[in-house]
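**Student:** Dropping the structure in here first, questions after.
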Amino acid sequence: MGEPSVDNMFSTASNKPHSRRKRMLSNVYSKSHIMANEALKAQISTIIYDRFLPYLASTFDDTPPTTTTEQPQTQPGGGGVFNICALLSATTMDIVTGYIFGLNASSNLIDNREELAWFLDLYNSRRSFNFWPQEFPRFTAFVERWMPGYRLSPKWVDEANGEIEKWTADMCERADAQVSSAGAVGGEEKAECVPVVYQQLWKALSKEAKGEEESGGTLSQQLRMSLASEVLDHLAAGFDTSGITLTYIVHELSQHPDIQSRLQKELLTLSPRLVPSSAPAAIPDPKAVDALPVLHAVIWETLRLHSAIPGPQPRFTPAQGCRLGPEEKSYYVPGGVRVSASAGLLHLNEEVYERASEWRPERWLDMDRLDVEKKKDMESRWFWAFGSGGRMCIGSHLAVYQMKYIVAALYSNYSTTIVDDTDIEQSDAYTAPPKSDKLMIKLIKAYT
Ligand code: HEM
């Protein structure tokens, strides 16, 4: 972030510092921590009941938007019609930044629609300029350093990155105040305001750097930059990928009314249900939501068929070289060679996923009827939506947790149909949203 640049977990190439950083945060992103975390539960409750559901209800208003094009786009005589992509991105950003920074330091893009339009415009416009820095980082750095006046991407891309960095830095500052205040240490403040990730990283970095007291004290400028760089990567990785997956969930469910109504029936079993009348804003237990089989199957099938990061995911072979490929046909690759694998291709293996190009959530139901090897193939050996091994997604449990609540809240209250899905195909990019960045749907009130 800014100058001088500092690495974060994702950008750290060598394994030792990478896993040291990952260890600092693996606890707060572990499934047991996520499922039991009171701050996250309180944040989800506020975001679902006070922001997400009111936004959906507002799409039925006849009042035309007053600010930006990213407002719910109501159409004359067509209440409940709007582009859901922007709302899903806003919701995932609010939840991810809520968990990182605490609710009073995080974003509120659902309610601040001008800010949402500003952010998405900045973020999406840079997408097509990732190629050079990502694929040829040294060459890019060389050109920037030694060839003044020559650029591999337009200047405004740097400016857009700078604005996103500043936006993140503001949240860091607010979370900083929270961490430094006695409240964060004494646990006196409201659960939803606890900056879970920020606080953990703050403690771990200051402990590593100075052997300081676990809390208290101030961070050097360098540590502040490391912290900001790390959380910027998490919020970007977290909102974008989950938003893309949710868009395809809505798109698929809208084309499969049978599965949609099966899901809705299942959601009726939640107690309390995720409907606005639940007082006082109670949400069903995370374990109950996690255990719903149809909801789980819908999410897993979408992660399989529409991986938000379809690949290729690059790796370097170890110095001594290695053998790659199936055991019987493996071949030797020397050390230091860049190789890659693609979730998008692994997930289309017909031997593992029959009728692989079709969206069939039922393949994930009744998994216990399958033999152990087949189950392993489907669930882990060939399932690569979150990667695997040392570089696997650290946020996978948070991602699944938030997606389950968002889908459950949407379909506990509404059914959806497609109004316009032009250019819904995934873009050919590292994270792969719809080419149009748009999915126009119509909401139909499910229960009154
Ligand atoms: C549907 C949602 C998500 C998907 C599909 C996804 C996918 C992935 C994948 C495939 C990788 C591995 C990249 C590689 O192999 O090099 C990754 C890494 C990562 N993800 Fe996620 N992710 C999701 C949500 C999240 C969330 C919610 C967060 C955090 C809040 C997050 C933070 C990260 C980070 C920090 C890394 C780098 C890990 C490392 O370098 O060890 N992701 N993600």
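Chain labels run A, B, ... following the order of the structure tokens; each chain numbers its residues from 1, and ligands are numbered from 1 in the order shown.
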DSSP on the backbone: which residues in stretch 161-340 of chain A end up as strand (DSSP E or B)? Give the answer as a PyMOL selection string.
**Tutor:** chain A and resi 313-316+322-324+331-333+338-340
**Student:** Check which residues fall inside 6 Å of ligand 1 when counting only C-alpha atoms and all ligand atoms, and print them as a list in words.
**Tutor:**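 Within the 6 Å cut-off, the matching residues are Met9, Phe10, Val96, His234, Leu235, Ala237, Gly238, Thr241, Ser242, Thr245, Ala308, Ile309, Gln313, Ala385, Phe386, Gly387, Arg391, Met392, Cys393, Ile394, Gly395, Ser396, Leu398 and Ala399 of chain A.
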**Student:** Rounded to one decimal place, report the atom CA of A:Cys172-atom CA of A:Gln402 distance in Å.
**Tutor:** 21.9 Å
**Student:** What is the atom CA of A:Lys404 to atom CA of A:Tyr99 distance in Å?
**Tutor:**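 Computing it gives 15.9 Å between the two atoms.
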**Student:** For A:Lys435, please output as a list of chain:residue names all residues within 10 Å (counting only C-alpha atoms; exclusion window: fewer than 2 positions along the same chain).
**Tutor:**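 Surrounding residues, per the criterion: A:Thr422, A:Asp423, A:Ile424, A:Glu425, A:Gln426, A:Ser427, A:Asp428, A:Ala429, A:Ala432, A:Pro433, A:Asp437, A:Lys438.
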**Student:** Which residues are near A:Val157? Cut-off 8 Å, only C-alpha atoms, ignore same chain within fewer than 3 positions. Put them as a ChimeraX atom specification.
**Tutor:** /A:125-126,129,153-154,160-161
**Student:** Just give me the gap between atom CA of A:Met440 and atom CA of A:Thr417 in Å, one decimal is fine.
**Tutor:** 8.9 Å
**Student:** Residues within 7 Å of A:Cys193, please, as a VMD selection string. Count only C-alpha atoms; anything in the same chain fewer than 6 positions from it doesn't count.
**Tutor:** chain A and resid 102 to 104
**Student:** Using DSSP secondary structure from the backbone, list all helix (DSSP H, G or I) positions within stretch 14-253 of chain A, as a ChimeraX atom specification.
**Tutor:** /A:15-26,31-36,38-58,84-101,113-129,131-135,137-146,155-180,182-186,191-193,196-210,221-253
**Student:** For A:Tyr332, find every residue with an atom within 7 Å (counting only C-alpha atoms), except residues of its own chain fewer than 5 positions away, and show them as a ChimeraX atom specification.
**Tutor:** /A:322-324
**Student:** Calculated over only C-alpha atoms, which of the candidates A:Gln134, A:Thr140, A:Thr247, A:Asn15 has the smallest distance to A:Thr91?
**Tutor:**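 Ranking A:Gln134, A:Thr140, A:Thr247, A:Asn15 by distance to A:Thr91, first place goes to A:Thr247.
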**Student:** Counting only C-alpha atoms, which of A:Met367, A:Val333, A:Leu201, A:Ala291 gets nearest to A:Tyr401?
**Tutor:** A:Ala291
**Student:** Leaving out A:Gly336 and any residue of its chain fewer than 6 positions from it, which residues lie within 9 Å of it when counting only C-alpha atoms, given as a PDB file with N, CA, C and O atoms, in the first residue's frame?
**Tutor:**
ATOM      1  N   PHE A 316       5.293 -21.910  -8.224  1.00  0.00           N
ATOM      2  CA  PHE A 316       6.634 -22.274  -8.710  1.00  0.00           C
ATOM      3  C   PHE A 316       6.999 -23.636  -8.156  1.00  0.00           C
ATOM      4  O   PHE A 316       6.752 -23.921  -6.974  1.00  0.00           O
ATOM      5  N   THR A 317       7.578 -24.479  -8.980  1.00  0.00           N
ATOM      6  CA  THR A 317       8.011 -25.793  -8.490  1.00  0.00           C
ATOM      7  C   THR A 317       9.175 -25.579  -7.519  1.00  0.00           C
ATOM      8  O   THR A 317       9.950 -24.620  -7.666  1.00  0.00           O
ATOM      9  N   PRO A 318       9.330 -26.481  -6.509  1.00  0.00           N
ATOM     10  CA  PRO A 318      10.403 -26.308  -5.529  1.00  0.00           C
ATOM     11  C   PRO A 318      11.787 -26.470  -6.180  1.00  0.00           C
ATOM     12  O   PRO A 318      11.892 -27.074  -7.263  1.00  0.00           O
ATOM     13  N   ALA A 319      12.814 -25.918  -5.509  1.00  0.00           N
ATOM     14  CA  ALA A 319      14.172 -25.875  -6.091  1.00  0.00           C
ATOM     15  C   ALA A 319      14.620 -27.229  -6.610  1.00  0.00           C
ATOM     16  O   ALA A 319      15.287 -27.327  -7.653  1.00  0.00           O
ATOM     17  N   GLN A 320      14.282 -28.308  -5.890  1.00  0.00           N
ATOM     18  CA  GLN A 320      14.756 -29.642  -6.295  1.00  0.00           C
ATOM     19  C   GLN A 320      13.925 -30.235  -7.433  1.00  0.00           C
ATOM     20  O   GLN A 320      14.186 -31.344  -7.891  1.00  0.00           O
ATOM     21  N   GLY A 321      12.891 -29.509  -7.915  1.00  0.00           N
ATOM     22  CA  GLY A 321      11.999 -30.043  -8.942  1.00  0.00           C
ATOM     23  C   GLY A 321      10.960 -30.961  -8.316  1.00  0.00           C
ATOM     24  O   GLY A 321      10.996 -31.211  -7.112  1.00  0.00           O
TER      25      GLY A 321
END
**Student:** Give the answer as one residue: which of A:Leu295, A:Leu274, A:Ala105, A:Ile418 has the shortest atom-to-atom distance to A:Ala169, using only C-alpha atoms?
**Tutor:** A:Ala105
**Student:** Which residue gives the smallest distance to A:Trp156 among A:Leu439, A:Tyr123, A:Lys31, A:Arg355, with only C-alpha atoms counted?
**Tutor:**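 So, comparing all the options, the nearest one is A:Tyr123.
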**Student:** Rank nothing, just name the residue among A:Val400, A:Ser357, A:Tyr331, A:Arg369 nearest to A:His296, using only C-alpha atoms.
**Tutor:**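 Ranking A:Val400, A:Ser357, A:Tyr331, A:Arg369 by distance to A:His296, first place goes to A:Val400.
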**Student:** Considering only C-alpha atoms, state which residue in the set A:Val197, A:Met378, A:Met171, A:Leu88 is at the smallest distance from A:His33.
**Tutor:**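 Result for the nearest residue to A:His33: A:Val197.
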